[in-house]
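Taking it in order: structure first as structure tokens, then the write-up.
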Amino acid sequence: MILDVVIEDARWNAVALRQQAAVAVDMTLSVLGYGEEDWEVTLLGCDDARIAELNAEFREKDKTTNVLSWPAQELSAAEDGGAPAPPEMDFMGDAALGDIAISYDTCMSEAADAGKDPLHHVCHLLVHGTLHLLGYDHIRDGDATVMETLEVEILGKLGIPDPYILQDGS
């Protein structure tokens with residue numbers, strides 16, 4: 001795996017975003033059977049102002065969000081709940097999966113509001129973003145189930161509890 005990390009917001013350094021991303025992306029690729037290739041992912045660690053700009057520009061949503069992804073390939077499953085197509089290298093041997101942006105402000109606020117370990121939440125969002133690069137989505141119900149199941153499996157392998165279970169166990 002080749003991971004290019006751009007830190008625009010220095011607060012990400014305090015939570016070791018580069019190292020967190022390397023672990024999260026690598027585990028995601030490994031669980032899905034893509035760990036042997038030098039797939040390329042670019043990550044932007046930014047703040048709410050920057051992610052709001054990106055969200056407005058690329059999704060026409062004038063608000064902040066926690067994580068955004070730009071897949072290099074269209075891999076989405078044709079049928080709801082189906083498996084996405086596997087990523088392919090292009091004719092020049094380029095193994096780019098795409099780009100991810102993550103907002104420090106929203107990520108830390110969500111973790112605090114949910115009573116979650118901030119590092120676990122960061123890892124969850126990085127796994128989530130990587131799955132988007134690999135064609136997984138959560139718009140259709142079946143796709144959401146597949147994606148969330150994979151997130152729980154990948155995070156479990158990293159020793160991180162199920163992010164979809166509330167602190168009170170419900």
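Naming works like this for the structure tokens: A, B, ... for the chains as they're shown, residue 1 at the start of each chain, ligands 1 onward in shown order.
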Using only C-alpha atoms, find each residue in stretch 36-143 of chain A having at least one atom no more than 12 Å away from stretch 12-21 of chain A; report its shortest atom-to-atom pair and that distance in Å (one decimal), rows by chain then rising number, as CSV.
residue,atom,partner,partner_atom,distance
A:Val41,CA,A:Ala21,CA,9.8
A:Thr42,CA,A:Ala21,CA,10.0
A:Leu43,CA,A:Ala21,CA,8.1
A:Leu44,CA,A:Leu17,CA,9.7
A:Gly45,CA,A:Trp12,CA,6.5
A:Cys46,CA,A:Trp12,CA,8.0
A:Asp47,CA,A:Trp12,CA,9.3
A:Ile100,CA,A:Ala21,CA,10.3
A:Ala101,CA,A:Ala21,CA,11.4
A:Ile102,CA,A:Trp12,CA,9.8
A:Ser103,CA,A:Trp12,CA,9.2
A:Tyr104,CA,A:Trp12,CA,6.7
A:Asp105,CA,A:Trp12,CA,10.0
A:Cys107,CA,A:Trp12,CA,10.7
A:Met108,CA,A:Trp12,CA,10.4
A:Asp117,CA,A:Val15,CA,11.4
A:Pro118,CA,A:Val15,CA,8.6
A:Leu119,CA,A:Val15,CA,7.0
A:His120,CA,A:Gln20,CA,9.4
A:His121,CA,A:Gln20,CA,10.6
A:Val122,CA,A:Gln20,CA,7.7
A:Cys123,CA,A:Gln20,CA,6.3
A:His124,CA,A:Gln20,CA,10.1
A:Leu125,CA,A:Ala21,CA,9.7
A:Leu126,CA,A:Ala21,CA,6.3
A:Val127,CA,A:Ala21,CA,8.4
A:His128,CA,A:Ala21,CA,11.3
A:Gly129,CA,A:Ala21,CA,10.4
A:Thr130,CA,A:Ala21,CA,9.6
Test item: residues at most 10 Å from A:Leu133, only C-alpha atoms, excluding those fewer than 6 positions along its chain, as a VMD selection string: chain A and resid 41 68 to 76 87 96 to 100 127
Produce a file of the selected residues containing C-alpha atoms, as a PDB file, in the first residue's frame.
ATOM      1  CA  VAL A  41      -4.568   6.170  -1.391  1.00  0.00           C
ATOM      2  CA  LEU A  68     -15.386  12.412   2.073  1.00  0.00           C
ATOM      3  CA  SER A  69     -14.108   9.964  -0.524  1.00  0.00           C
ATOM      4  CA  TRP A  70     -13.320  10.238  -4.221  1.00  0.00           C
ATOM      5  CA  PRO A  71     -12.889   6.780  -5.766  1.00  0.00           C
ATOM      6  CA  ALA A  72     -10.556   6.576  -8.746  1.00  0.00           C
ATOM      7  CA  GLN A  73     -12.740   3.845 -10.253  1.00  0.00           C
ATOM      8  CA  GLU A  74     -16.474   3.194 -10.353  1.00  0.00           C
ATOM      9  CA  LEU A  75     -16.772  -0.154  -8.572  1.00  0.00           C
ATOM     10  CA  SER A  76     -20.262   0.020  -7.038  1.00  0.00           C
ATOM     11  CA  PRO A  87     -10.290  -2.559  -8.368  1.00  0.00           C
ATOM     12  CA  ALA A  96      -4.728   4.513  -7.449  1.00  0.00           C
ATOM     13  CA  LEU A  97      -7.838   3.799  -5.383  1.00  0.00           C
ATOM     14  CA  GLY A  98      -8.667   7.451  -4.765  1.00  0.00           C
ATOM     15  CA  ASP A  99      -8.683  10.235  -2.218  1.00  0.00           C
ATOM     16  CA  ILE A 100     -10.138  10.667   1.265  1.00  0.00           C
ATOM     17  CA  VAL A 127     -12.032   2.342   7.231  1.00  0.00           C
TER      18      VAL A 127
END
List every residue of chain A that DSSP, applied to the backbone of this structure, assigns to alpha helix (DSSP H), and report them as number ranges by chain. A: 17-31, 48-59, 104-114, 118-133, 141-157
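Minimum atom-to-atom distance to A:Glu88, evaluated using only C-alpha atoms, belongs to A:Glu37 out of A:Ile139, A:Asn66, A:Glu37, A:Ile154.
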As a ChimeraX atom specification, which residues of stretch 3-164 of chain A does DSSP assign to strand (DSSP E or B)? /A:3-7,40-46,67-71,96-103
Selection file, N, CA and C atoms, as a PDB file, in the first residue's frame:
ATOM      1  N   LEU A   3       0.507   5.189   0.797  1.00  0.00           N
ATOM      2  CA  LEU A   3      -0.384   6.150   1.429  1.00  0.00           C
ATOM      3  C   LEU A   3       0.288   7.514   1.437  1.00  0.00           C
ATOM      4  N   ASP A   4      -0.353   8.460   0.766  1.00  0.00           N
ATOM      5  CA  ASP A   4       0.139   9.838   0.734  1.00  0.00           C
ATOM      6  C   ASP A   4      -0.777  10.663   1.638  1.00  0.00           C
ATOM      7  N   VAL A   5      -0.223  11.180   2.721  1.00  0.00           N
ATOM      8  CA  VAL A   5      -1.020  11.934   3.689  1.00  0.00           C
ATOM      9  C   VAL A   5      -0.617  13.402   3.647  1.00  0.00           C
ATOM     10  N   VAL A   6      -1.627  14.253   3.491  1.00  0.00           N
ATOM     11  CA  VAL A   6      -1.429  15.700   3.518  1.00  0.00           C
ATOM     12  C   VAL A   6      -2.156  16.214   4.761  1.00  0.00           C
ATOM     13  N   ILE A   7      -1.405  16.841   5.660  1.00  0.00           N
ATOM     14  CA  ILE A   7      -1.974  17.379   6.892  1.00  0.00           C
ATOM     15  C   ILE A   7      -2.123  18.889   6.731  1.00  0.00           C
ATOM     16  N   GLU A  40      -2.743   2.683  -4.106  1.00  0.00           N
ATOM     17  CA  GLU A  40      -2.418   4.039  -3.673  1.00  0.00           C
ATOM     18  C   GLU A  40      -3.657   4.761  -3.158  1.00  0.00           C
ATOM     19  N   VAL A  41      -3.506   5.378  -1.994  1.00  0.00           N
ATOM     20  CA  VAL A  41      -4.568   6.170  -1.391  1.00  0.00           C
ATOM     21  C   VAL A  41      -3.958   7.495  -0.946  1.00  0.00           C
ATOM     22  N   THR A  42      -4.681   8.582  -1.210  1.00  0.00           N
ATOM     23  CA  THR A  42      -4.267   9.897  -0.739  1.00  0.00           C
ATOM     24  C   THR A  42      -5.263  10.342   0.324  1.00  0.00           C
ATOM     25  N   LEU A  43      -4.734  10.864   1.430  1.00  0.00           N
ATOM     26  CA  LEU A  43      -5.566  11.298   2.546  1.00  0.00           C
ATOM     27  C   LEU A  43      -5.266  12.747   2.878  1.00  0.00           C
ATOM     28  N   LEU A  44      -6.321  13.528   3.050  1.00  0.00           N
ATOM     29  CA  LEU A  44      -6.215  14.918   3.483  1.00  0.00           C
ATOM     30  C   LEU A  44      -6.782  15.039   4.887  1.00  0.00           C
ATOM     31  N   GLY A  45      -5.955  15.442   5.842  1.00  0.00           N
ATOM     32  CA  GLY A  45      -6.405  15.733   7.199  1.00  0.00           C
ATOM     33  C   GLY A  45      -6.667  17.218   7.300  1.00  0.00           C
ATOM     34  N   CYS A  46      -7.932  17.598   7.387  1.00  0.00           N
ATOM     35  CA  CYS A  46      -8.283  19.019   7.336  1.00  0.00           C
ATOM     36  C   CYS A  46      -9.205  19.394   8.495  1.00  0.00           C
ATOM     37  N   VAL A  67     -16.177  12.734   6.820  1.00  0.00           N
ATOM     38  CA  VAL A  67     -15.233  12.166   5.864  1.00  0.00           C
ATOM     39  C   VAL A  67     -15.837  12.203   4.465  1.00  0.00           C
ATOM     40  N   LEU A  68     -14.993  12.443   3.479  1.00  0.00           N
ATOM     41  CA  LEU A  68     -15.386  12.412   2.073  1.00  0.00           C
ATOM     42  C   LEU A  68     -14.435  11.486   1.325  1.00  0.00           C
ATOM     43  N   SER A  69     -14.941  10.856   0.282  1.00  0.00           N
ATOM     44  CA  SER A  69     -14.108   9.964  -0.524  1.00  0.00           C
ATOM     45  C   SER A  69     -14.344  10.222  -2.003  1.00  0.00           C
ATOM     46  N   TRP A  70     -13.271  10.103  -2.770  1.00  0.00           N
ATOM     47  CA  TRP A  70     -13.320  10.238  -4.221  1.00  0.00           C
ATOM     48  C   TRP A  70     -12.670   9.006  -4.838  1.00  0.00           C
ATOM     49  N   PRO A  71     -13.470   7.988  -5.168  1.00  0.00           N
ATOM     50  CA  PRO A  71     -12.889   6.780  -5.766  1.00  0.00           C
ATOM     51  C   PRO A  71     -12.299   7.070  -7.145  1.00  0.00           C
ATOM     52  N   ALA A  96      -4.050   3.522  -8.281  1.00  0.00           N
ATOM     53  CA  ALA A  96      -4.728   4.513  -7.449  1.00  0.00           C
ATOM     54  C   ALA A  96      -6.142   4.063  -7.112  1.00  0.00           C
ATOM     55  N   LEU A  97      -6.472   4.092  -5.818  1.00  0.00           N
ATOM     56  CA  LEU A  97      -7.838   3.799  -5.383  1.00  0.00           C
ATOM     57  C   LEU A  97      -8.641   5.079  -5.240  1.00  0.00           C
ATOM     58  N   GLY A  98      -7.968   6.178  -4.882  1.00  0.00           N
ATOM     59  CA  GLY A  98      -8.667   7.451  -4.765  1.00  0.00           C
ATOM     60  C   GLY A  98      -8.200   8.267  -3.587  1.00  0.00           C
ATOM     61  N   ASP A  99      -9.021   9.249  -3.244  1.00  0.00           N
ATOM     62  CA  ASP A  99      -8.683  10.235  -2.218  1.00  0.00           C
ATOM     63  C   ASP A  99      -9.738  10.239  -1.111  1.00  0.00           C
ATOM     64  N   ILE A 100      -9.272  10.537   0.095  1.00  0.00           N
ATOM     65  CA  ILE A 100     -10.138  10.667   1.265  1.00  0.00           C
ATOM     66  C   ILE A 100      -9.785  11.986   1.950  1.00  0.00           C
ATOM     67  N   ALA A 101     -10.806  12.681   2.445  1.00  0.00           N
ATOM     68  CA  ALA A 101     -10.588  13.863   3.297  1.00  0.00           C
ATOM     69  C   ALA A 101     -11.335  13.612   4.599  1.00  0.00           C
ATOM     70  N   ILE A 102     -10.712  13.985   5.716  1.00  0.00           N
ATOM     71  CA  ILE A 102     -11.321  13.795   7.027  1.00  0.00           C
ATOM     72  C   ILE A 102     -11.174  15.090   7.832  1.00  0.00           C
ATOM     73  N   SER A 103     -12.263  15.498   8.477  1.00  0.00           N
ATOM     74  CA  SER A 103     -12.280  16.745   9.235  1.00  0.00           C
ATOM     75  C   SER A 103     -12.027  16.497  10.712  1.00  0.00           C
TER      76      SER A 103
END
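Here the question is which of A:Asp9, A:Met1, A:Tyr34, A:Asp143 gets nearest to A:Ala22 using only C-alpha atoms, and that residue is A:Met1.
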Best match for closeness to A:Met89 among A:Arg140, A:Asp38, A:Glu151, A:Asp62, counting only C-alpha atoms: A:Asp38
Have a look at atom CA of A:Val146 and atom CA of A:Asp113 and let me know their distance in Å, one decimal.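 Distance reported for this atom pair: 25.9 Å.
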Residues near A:Leu158, cut-off 10 Å, only C-alpha atoms, skip fewer than 5 positions along chain, as number ranges by chain: A: 23-24, 27, 120, 123, 152-153
Proximity to A:Leu134 - best of A:Met92, A:Leu29, A:Ala114, A:Leu166, only C-alpha atoms: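 Looking only at the distances to A:Leu134, the closest residue turns out to be A:Leu29.
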